[in-house]
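Shown below: model.cif, with mmCIF, C-alpha atoms.
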data_start
#
loop_
_atom_site.label_atom_id
_atom_site.label_comp_id
_atom_site.auth_asym_id
_atom_site.auth_seq_id
_atom_site.Cartn_x
_atom_site.Cartn_y
_atom_site.Cartn_z
CA MET A 454 -1.49 20.90 -11.36
CA ILE A 455 1.17 19.06 -13.33
CA ASN A 456 0.95 19.70 -17.06
CA CYS A 457 1.48 16.47 -18.97
CA GLY A 458 1.44 15.98 -22.72
CA LYS A 459 -1.49 14.65 -24.72
CA ASN A 460 0.10 11.22 -25.12
CA ILE A 461 -0.39 10.15 -21.51
CA LYS A 462 -3.44 8.05 -20.67
CA ILE A 463 -4.76 7.28 -17.18
CA PHE A 464 -7.16 4.36 -16.80
CA THR A 465 -8.66 2.58 -13.82
CA GLY A 466 -10.50 -0.59 -12.94
CA ASN A 467 -13.10 -0.91 -10.20
CA ALA A 468 -10.69 -1.29 -7.26
CA HIS A 469 -10.27 2.41 -6.42
CA PRO A 470 -11.58 4.80 -9.11
CA GLU A 471 -11.59 7.71 -6.64
CA LEU A 472 -7.81 7.51 -6.29
CA ALA A 473 -7.40 7.36 -10.06
CA GLN A 474 -9.60 10.45 -10.43
CA GLU A 475 -7.56 12.32 -7.84
CA ILE A 476 -4.29 11.40 -9.57
CA ALA A 477 -5.66 12.41 -12.97
CA GLU A 478 -6.78 15.81 -11.65
CA ILE A 479 -3.28 16.49 -10.30
CA LEU A 480 -1.79 15.52 -13.66
CA GLY A 481 -4.28 17.72 -15.49
CA VAL A 482 -5.75 14.93 -17.61
CA GLU A 483 -9.06 13.08 -17.80
CA VAL A 484 -9.45 9.49 -16.69
CA GLY A 485 -9.56 7.38 -19.84
CA LYS A 486 -12.86 6.16 -21.22
CA SER A 487 -13.24 2.50 -20.35
CA LYS A 488 -15.78 0.17 -18.83
CA VAL A 489 -15.00 -2.87 -16.72
CA SER A 490 -18.05 -5.05 -16.16
CA THR A 491 -18.95 -8.70 -15.71
CA PHE A 492 -21.04 -11.21 -17.58
CA SER A 493 -23.80 -13.02 -15.69
CA ASP A 494 -21.44 -15.91 -14.87
CA GLY A 495 -18.85 -13.57 -13.35
CA GLU A 496 -16.43 -13.33 -16.29
CA ILE A 497 -14.84 -9.89 -16.56
CA SER A 498 -15.39 -7.78 -19.65
CA VAL A 499 -13.24 -4.75 -20.57
CA ASP A 500 -14.26 -2.14 -23.13
CA ILE A 501 -11.74 0.58 -24.07
CA ALA A 502 -13.66 3.46 -25.64
CA GLU A 503 -10.78 5.60 -26.96
CA THR A 504 -7.63 5.11 -28.97
CA VAL A 505 -4.41 4.32 -27.11
CA ARG A 506 -2.14 3.62 -30.09
CA GLY A 507 1.38 4.72 -29.20
CA ALA A 508 0.22 6.20 -25.87
CA ASP A 509 1.93 5.95 -22.49
CA VAL A 510 -0.80 4.10 -20.56
CA PHE A 511 -0.98 4.00 -16.77
CA ILE A 512 -3.53 1.58 -15.26
CA ILE A 513 -4.31 2.44 -11.63
CA GLN A 514 -5.59 -0.67 -9.87
CA SER A 515 -4.89 -1.97 -6.38
CA THR A 516 -5.21 -5.75 -6.10
CA SER A 517 -7.19 -5.47 -2.89
CA SER A 518 -10.40 -7.23 -1.85
CA PRO A 519 -11.94 -8.84 -3.83
CA VAL A 520 -8.35 -9.67 -4.71
CA ASN A 521 -8.95 -12.15 -7.51
CA ASN A 522 -11.49 -9.94 -9.28
CA ASN A 523 -9.30 -6.85 -9.09
CA LEU A 524 -6.23 -8.78 -10.22
CA MET A 525 -8.09 -10.23 -13.21
CA GLU A 526 -9.43 -6.78 -14.11
CA LEU A 527 -5.86 -5.48 -14.16
CA LEU A 528 -4.58 -8.39 -16.25
CA ILE A 529 -7.39 -8.13 -18.79
CA MET A 530 -6.91 -4.37 -19.09
CA ILE A 531 -3.18 -4.84 -19.68
CA ASP A 532 -3.96 -7.38 -22.40
CA ALA A 533 -6.51 -5.05 -23.99
CA PHE A 534 -4.05 -2.16 -24.15
CA LYS A 535 -1.29 -4.40 -25.49
CA ARG A 536 -3.56 -5.56 -28.31
CA ALA A 537 -4.59 -1.94 -28.93
CA SER A 538 -0.93 -1.05 -29.64
CA ALA A 539 -0.26 1.10 -26.58
CA GLY A 540 3.28 2.42 -26.62
CA ARG A 541 4.07 1.56 -22.99
CA ILE A 542 1.89 0.04 -20.28
CA THR A 543 2.59 0.78 -16.61
CA ALA A 544 0.66 -1.14 -13.98
CA VAL A 545 0.17 1.29 -11.09
CA ILE A 546 -0.58 -0.99 -8.13
CA PRO A 547 -0.74 1.07 -4.92
CA TYR A 548 -1.46 -2.14 -2.97
CA TYR A 549 0.15 -5.31 -4.32
CA GLY A 550 -1.96 -8.29 -3.26
CA TYR A 551 -0.58 -11.77 -2.59
CA ALA A 552 2.64 -10.16 -1.36
CA ARG A 553 2.53 -11.92 2.02
CA GLN A 554 3.43 -15.24 0.42
CA ASP A 555 6.89 -14.13 -0.67
CA ARG A 556 8.94 -17.22 0.30
CA LYS A 557 8.64 -20.87 1.24
CA ALA A 558 8.06 -20.75 4.99
CA LYS A 559 7.50 -24.51 5.05
CA SER A 560 7.51 -27.42 2.65
CA ARG A 561 5.17 -27.25 -0.35
CA ASP A 562 4.35 -23.57 0.15
CA PRO A 563 3.62 -21.53 -3.01
CA ILE A 564 5.37 -18.23 -3.66
CA THR A 565 2.38 -16.28 -4.91
CA ALA A 566 4.16 -12.91 -4.95
CA LYS A 567 6.43 -14.32 -7.66
CA LEU A 568 3.52 -15.96 -9.48
CA VAL A 569 1.61 -12.67 -9.70
CA ALA A 570 4.77 -10.92 -10.92
CA ASP A 571 5.13 -13.49 -13.72
CA ILE A 572 1.47 -13.16 -14.70
CA LEU A 573 1.64 -9.35 -14.87
CA THR A 574 4.69 -9.57 -17.11
CA ALA A 575 3.13 -12.23 -19.33
CA ALA A 576 -0.02 -10.11 -19.70
CA GLY A 577 2.09 -7.35 -21.25
CA ALA A 578 2.99 -4.84 -18.54
CA HIS A 579 6.20 -2.94 -19.33
CA ARG A 580 6.63 -1.44 -15.88
CA VAL A 581 5.17 -1.61 -12.36
CA LEU A 582 4.69 1.30 -9.98
CA THR A 583 3.76 0.27 -6.45
CA MET A 584 4.09 1.27 -2.80
CA ASP A 585 5.41 -0.45 0.33
CA LEU A 586 5.63 -4.05 -0.78
CA HIS A 587 5.26 -6.49 2.11
CA ALA A 588 8.85 -7.59 1.41
CA ALA A 589 11.27 -5.42 -0.55
CA GLN A 590 12.77 -8.42 -2.34
CA ILE A 591 9.55 -8.82 -4.33
CA GLN A 592 10.98 -6.17 -6.67
CA GLY A 593 13.45 -8.84 -7.79
CA TYR A 594 10.64 -11.21 -8.77
CA PHE A 595 9.96 -9.06 -11.84
CA ASN A 596 11.91 -9.08 -15.08
CA ILE A 597 10.59 -5.60 -15.85
CA PRO A 598 11.36 -2.30 -14.07
CA VAL A 599 9.67 -1.78 -10.70
CA ASP A 600 9.40 1.63 -9.03
CA HIS A 601 8.82 1.11 -5.32
CA LEU A 602 7.43 4.15 -3.50
CA VAL A 603 7.36 4.41 0.29
CA GLY A 604 4.58 5.81 2.43
CA ALA A 605 6.68 6.68 5.48
CA PRO A 606 7.25 10.35 4.56
CA ILE A 607 3.49 10.97 4.29
CA LEU A 608 2.74 9.18 7.56
CA ALA A 609 5.65 10.77 9.41
CA ARG A 610 4.61 14.25 8.28
CA HIS A 611 1.26 13.72 10.01
CA PHE A 612 2.92 12.97 13.35
CA VAL A 613 5.35 15.85 12.92
CA GLU A 614 2.36 18.16 12.49
CA MET A 615 0.93 16.67 15.70
CA GLY A 616 4.06 17.83 17.50
CA LEU A 617 5.48 14.35 18.14
CA ALA A 618 8.89 14.96 16.56
CA ASP A 619 11.97 15.60 18.71
CA GLN A 620 10.08 14.74 21.91
CA ASP A 621 11.72 12.81 24.76
CA ASP A 622 8.53 10.90 25.58
CA VAL A 623 7.87 9.54 22.06
CA VAL A 624 8.93 6.06 20.95
CA VAL A 625 8.29 4.30 17.64
CA VAL A 626 7.30 0.66 18.07
CA SER A 627 7.71 -2.21 15.63
CA PRO A 628 4.77 -4.63 16.05
CA ASP A 629 6.95 -7.61 15.07
CA LEU A 630 10.53 -8.48 14.21
CA GLY A 631 9.86 -8.22 10.48
CA SER A 632 9.01 -4.52 10.74
CA VAL A 633 12.13 -3.41 12.62
CA THR A 634 13.79 -1.76 9.62
CA ARG A 635 10.58 0.06 8.74
CA ALA A 636 10.20 1.27 12.33
CA ARG A 637 13.82 2.41 12.51
CA ASN A 638 13.49 4.45 9.31
CA PHE A 639 10.26 5.96 10.59
CA ALA A 640 11.86 6.77 13.94
CA ASP A 641 14.72 8.57 12.17
CA ARG A 642 12.18 10.97 10.69
CA LEU A 643 10.81 11.82 14.15
CA HIS A 644 14.21 11.67 15.88
CA ALA A 645 12.80 9.11 18.31
CA PRO A 646 14.03 5.79 19.75
CA ILE A 647 12.41 2.48 18.85
CA ALA A 648 10.97 -0.48 20.73
CA ILE A 649 10.29 -3.96 19.34
CA ILE A 650 7.50 -6.41 20.05
CA ASP A 651 8.48 -10.07 19.84
CA LYS A 652 5.35 -11.98 18.90
CA ARG A 653 4.50 -15.55 18.04
CA ARG A 654 1.94 -16.40 15.37
CA PRO A 655 0.42 -19.88 15.99
CA LYS A 656 -1.52 -19.71 12.71
CA ALA A 657 -2.47 -17.23 9.98
CA ASN A 658 -4.27 -14.07 11.17
CA VAL A 659 -3.69 -15.04 14.82
CA SER A 660 -0.94 -13.35 16.84
CA GLU A 661 0.17 -13.57 20.45
CA ILE A 662 2.25 -10.91 22.20
CA MET A 663 5.31 -12.40 23.90
CA ASN A 664 7.89 -9.75 24.87
CA ILE A 665 8.51 -6.03 24.40
CA ILE A 666 12.10 -4.94 23.85
CA GLY A 667 12.65 -1.32 24.81
CA ASP A 668 11.36 1.32 27.21
CA VAL A 669 7.69 2.22 26.77
CA GLU A 670 6.64 3.17 30.29
CA GLY A 671 5.46 6.79 30.44
CA LYS A 672 5.90 7.13 26.67
CA ARG A 673 3.67 8.06 23.78
CA CYS A 674 4.01 5.12 21.40
CA ILE A 675 3.57 5.05 17.61
CA LEU A 676 3.08 1.58 16.12
CA VAL A 677 4.25 1.34 12.49
CA ASP A 678 3.37 -1.42 10.03
CA ASP A 679 3.02 -1.85 6.27
CA MET A 680 -0.52 -3.25 6.43
CA ILE A 681 -3.30 -3.94 8.88
CA ASP A 682 -5.53 -6.86 7.92
CA THR A 683 -7.62 -8.37 10.74
CA ALA A 684 -5.95 -5.92 13.19
CA GLY A 685 -5.05 -8.68 15.63
CA THR A 686 -1.34 -7.88 15.69
CA ILE A 687 -1.70 -4.11 15.99
CA THR A 688 -4.45 -4.16 18.64
CA ASN A 689 -2.72 -6.81 20.76
CA ALA A 690 0.43 -4.71 20.58
CA ALA A 691 -1.41 -1.51 21.53
CA ASN A 692 -3.14 -3.14 24.49
CA ALA A 693 0.15 -4.63 25.69
CA LEU A 694 1.84 -1.22 25.48
CA ARG A 695 -0.87 0.41 27.59
CA LYS A 696 -0.57 -2.34 30.21
CA LEU A 697 3.15 -1.65 30.37
CA GLY A 698 2.60 2.03 31.12
CA ALA A 699 2.40 3.79 27.74
CA THR A 700 0.53 7.08 28.16
CA ALA A 701 -0.87 7.07 24.62
CA VAL A 702 -0.78 4.68 21.68
CA TYR A 703 -1.05 5.70 18.03
CA ALA A 704 -0.79 3.42 15.00
CA CYS A 705 -0.12 3.93 11.32
CA CYS A 706 0.14 1.81 8.21
CA THR A 707 0.32 2.18 4.45
CA HIS A 708 -2.34 -0.37 3.51
CA GLY A 709 -5.60 -0.58 5.43
CA VAL A 710 -6.84 -4.03 4.39
CA LEU A 711 -9.17 -4.17 7.42
CA SER A 712 -10.93 -7.48 6.92
CA GLY A 713 -12.97 -9.71 9.21
CA PRO A 714 -13.11 -8.46 12.82
CA ALA A 715 -10.73 -5.55 12.20
CA PHE A 716 -13.13 -2.70 12.99
CA ASP A 717 -14.44 -4.30 16.18
CA ARG A 718 -10.89 -4.91 17.38
CA LEU A 719 -9.79 -1.36 16.56
CA ASN A 720 -12.80 0.19 18.30
CA ASP A 721 -12.17 -1.88 21.45
CA SER A 722 -8.40 -1.33 21.49
CA ALA A 723 -6.13 1.17 23.24
CA ILE A 724 -5.29 2.85 19.93
CA GLU A 725 -6.21 6.53 20.08
CA GLU A 726 -5.70 7.23 16.38
CA LEU A 727 -5.01 4.99 13.39
CA VAL A 728 -3.47 6.75 10.40
CA MET A 729 -3.68 5.02 7.02
CA LEU A 730 -2.92 5.87 3.41
CA ASN A 731 -5.62 5.47 0.78
CA THR A 732 -3.87 2.83 -1.33
CA ILE A 733 -7.00 0.74 -0.74
CA LYS A 734 -10.55 2.05 -0.98
CA LEU A 735 -11.83 2.08 2.59
CA PRO A 736 -15.35 0.96 3.49
CA LYS A 737 -17.88 3.22 5.19
CA GLU A 738 -16.99 1.65 8.55
CA ALA A 739 -13.65 3.47 8.37
CA ASP A 740 -15.36 6.86 8.54
CA VAL A 741 -14.89 7.21 12.29
CA ASP A 742 -12.94 9.66 14.45
CA LYS A 743 -10.33 7.06 15.39
CA ILE A 744 -9.25 6.50 11.76
CA THR A 745 -7.45 9.19 9.74
CA GLY A 746 -6.91 8.74 6.01
CA LEU A 747 -4.11 10.44 4.06
CA SER A 748 -3.87 10.58 0.28
CA VAL A 749 -1.09 9.06 -1.82
CA ALA A 750 -2.37 10.75 -4.99
CA PRO A 751 0.21 13.60 -5.06
CA LEU A 752 3.10 11.14 -4.68
CA PHE A 753 1.80 8.78 -7.37
CA ALA A 754 1.01 11.69 -9.68
CA GLU A 755 4.57 12.98 -9.44
CA ALA A 756 5.96 9.48 -9.98
CA ILE A 757 3.76 9.01 -13.07
CA GLN A 758 4.84 12.38 -14.45
CA ARG A 759 8.50 11.50 -13.96
CA ILE A 760 8.09 8.08 -15.59
CA TYR A 761 6.28 9.70 -18.52
CA ASP A 762 9.04 12.30 -18.90
CA ASP A 763 11.79 9.66 -18.47
CA GLU A 764 13.09 11.47 -15.40
CA PRO A 765 14.53 9.79 -12.29
CA ILE A 766 12.12 9.15 -9.43
CA SER A 767 14.73 8.01 -6.92
CA LYS A 768 14.05 10.93 -4.58
CA LEU A 769 10.44 9.79 -4.26
CA PHE A 770 11.23 6.37 -2.82
CA GLU A 771 14.44 6.94 -0.93
CA VAL A 772 13.88 6.14 2.74
#
Can you present the structure in this file as C-alpha cells?
Amino acid sequence: MINCGKNIKIFTGNAHPELAQEIAEILGVEVGKSKVSTFSDGEISVDIAETVRGADVFIIQSTSSPVNNNLMELLIMIDAFKRASAGRITAVIPYYGYARQDRKAKSRDPITAKLVADILTAAGAHRVLTMDLHAAQIQGYFNIPVDHLVGAPILARHFVEMGLADQDDVVVVSPDLGSVTRARNFADRLHAPIAIIDKRRPKANVSEIMNIIGDVEGKRCILVDDMIDTAGTITNAANALRKLGATAVYACCTHGVLSGPAFDRLNDSAIEELVMLNTIKLPKEADVDKITGLSVAPLFAEAIQRIYDDEPISKLFEV
C-alpha cells in the first residue's frame, strides 16, 4: 500500500470503476463520493458529494465504448471540479479514444485526436496521464503536461514467466508496418528477433495480409499491438503465421477494444492465448480461457503517487 496524504482525491466515471477502486486501494485512499447519471433525454449529470477545494484531483476514466458518453462524463467532471476550486485536476485516461484519427490521411479528414486534446484542456484539465497512445505524437497535441505510460513491461513480464525469453524458437511479430517500433522494443525485452507483416487495408476495420518479412517457420510467434478492435488484423496475421509453419501463435495488446465480430474471430483463430491489459473494462464474453487479463492498477497508482509528490515518473514510461 502506498501512503498518500489527505489532500489527494481519486474519482471515477462509469467507464471502469473497478480499475479506479483497485488504484485507490493501492494508494490507500477511498474513491471519492460522486454520482454520474443521466437525465431521461440522455444528458449527463454529475454530482460531487464531498469538498475538493485545493485538492489534487485524479479522475480515472477511459474514453472507451460508449466513447462519446464516457468522454462527456470526463469533460463534465473536469468542469465540476474546476468550478469547485480543485487545486489541480489530472485526467487519468488509461485508454485515449479517438486516437486513431491522428493525422490527415486524405483530403478533408478531421484530426480528432487533436480535437479531443483541445476539449480536455478547455474543460480545465491541468495534466493528462495515459497509456500507449495509438501514435506517440499525440502527446504534442496538448498544451498541458502529458505523462505517457507504456504497457510493454507488464505484457513482456507475462511471457518471460511463460519461459519465452532467451529462446531460439521465439519471434516477436509486428502485425503491420506501424507497429514495428513497438514490436522491436518488446522483442528487446525477450531477447528475440522480430518479423513484420505487410498488410493492406482496403477500408476501415478491414485488413488483408500481403507479405511476411522474417523467418517464422518452426517458431513460436508473439503478435504485439497497441489495441485490438474488431480483431481482423490480429486474427488474419495469426492464421497466416500458422499457414507459414509457426508452431504456436500468441498475441498481446494494451487496449482490448473488442467490438463487433471480435470474439467470434478470436475464438476461430490460430491464437492460443491473447494477453490484454485492463485499461478498458472487458465484457463477460472475455472471460474465456483464451484471453488473459493483466492489471495496470499498480503502474497507474505509482504514477499518481509520483505526480502527487512532484517526483519524476520517467522510469515508469521509459521503453
Worksheet item: Between atom CA of A:Ile513 and atom CA of A:Pro547, what is the distance, to one decimal in Å?
Response: 7.7 Å
Discussion item. Please list as a ChimeraX atom specification every residue within 8 Å of A:Ile649, counting all atoms listed in the file and excluding residues in the same chain fewer than 2 positions away.
Written reply: /A:626-630,633,647,651,665-667
Practice prompt. Please work out which residues fall within 12 Å of (-6.0, -7.5, -6.1), coordinates as given in the file, with only C-alpha atoms counting, and return them as a ChimeraX atom specification.
Written response: /A:466-469,513-528,545-552,566,569,573,710,732-734
Keeping only C-alpha atoms, take the residues you just selected and write them out as a short mmCIF file (atom, residue, chain, number, x, y, z; two decimals), in the frame of the given file.
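After the write, out.cif holds the following:
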data_model
loop_
_atom_site.label_atom_id
_atom_site.label_comp_id
_atom_site.auth_asym_id
_atom_site.auth_seq_id
_atom_site.Cartn_x
_atom_site.Cartn_y
_atom_site.Cartn_z
CA GLY A 466 -10.50 -0.59 -12.94
CA ASN A 467 -13.10 -0.91 -10.20
CA ALA A 468 -10.69 -1.29 -7.26
CA HIS A 469 -10.27 2.41 -6.42
CA ILE A 513 -4.31 2.44 -11.63
CA GLN A 514 -5.59 -0.67 -9.87
CA SER A 515 -4.89 -1.97 -6.38
CA THR A 516 -5.21 -5.75 -6.10
CA SER A 517 -7.19 -5.47 -2.89
CA SER A 518 -10.40 -7.23 -1.85
CA PRO A 519 -11.94 -8.84 -3.83
CA VAL A 520 -8.35 -9.67 -4.71
CA ASN A 521 -8.95 -12.15 -7.51
CA ASN A 522 -11.49 -9.94 -9.28
CA ASN A 523 -9.30 -6.85 -9.09
CA LEU A 524 -6.23 -8.78 -10.22
CA MET A 525 -8.09 -10.23 -13.21
CA GLU A 526 -9.43 -6.78 -14.11
CA LEU A 527 -5.86 -5.48 -14.16
CA LEU A 528 -4.58 -8.39 -16.25
CA VAL A 545 0.17 1.29 -11.09
CA ILE A 546 -0.58 -0.99 -8.13
CA PRO A 547 -0.74 1.07 -4.92
CA TYR A 548 -1.46 -2.14 -2.97
CA TYR A 549 0.15 -5.31 -4.32
CA GLY A 550 -1.96 -8.29 -3.26
CA TYR A 551 -0.58 -11.77 -2.59
CA ALA A 552 2.64 -10.16 -1.36
CA ALA A 566 4.16 -12.91 -4.95
CA VAL A 569 1.61 -12.67 -9.70
CA LEU A 573 1.64 -9.35 -14.87
CA VAL A 710 -6.84 -4.03 4.39
CA THR A 732 -3.87 2.83 -1.33
CA ILE A 733 -7.00 0.74 -0.74
CA LYS A 734 -10.55 2.05 -0.98
#
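For the file at hand, the PyMOL selection byres ((chain A and resi 644) around 8) resolves to Ala618, Asp619, Gln620, Ala640, Asp641, Arg642, Leu643, Ala645 and Pro646 of chain A.
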Fill in: Picked residues, the PyMOL selection byres ((chain A and resi 740-756) around 9), expected as a PyMOL selection string
chain A and resi 455+472-473+475-477+479-480+545+547+582-583+600+602+604+607-608+611+719-720+724-732+735-739+757-761+765-766+769
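Residues captured in this structure file are A:Lys462, A:Gly485, A:Lys486, A:Ile501, A:Ala502, A:Glu503, A:Val505, A:Arg506, A:Gly507, A:Ala508, A:Phe534, A:Ala537, A:Ser538, A:Ala539, according to the PyMOL selection byres ((chain A and resi 504) around 10).
Among the candidates A:Asp762, A:Asp721, A:Asp571, A:Glu670, the one nearest to A:Lys696 when counting all atoms listed in the file is A:Glu670.
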Item to complete: Would you kindly return, as JSON, numbers by chain, each protein, DNA or RNA residue with an atom no farther than 9 Å from any atom of A:Ile564, considering all atoms listed in the file and excluding same-chain residues fewer than 3 positions away?
Response: {"A": [551, 552, 553, 554, 555, 556, 557, 567, 568]}
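The space separating atom CA of A:Tyr594 from atom CA of A:Gly577 comes to 15.6 Å.
With atom CA of A:Phe639 on one side and atom CA of A:Ala715 on the other, the separation reads 24.0 Å.
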Item to complete: For A:Val702, work out the shell of residues within 10 Å, counting only C-alpha atoms and skipping chain neighbours fewer than 3 positions away, then give it as a PyMOL selection string.
Response: chain A and resi 623-626+672-676+690-692+694-695+699+722-727
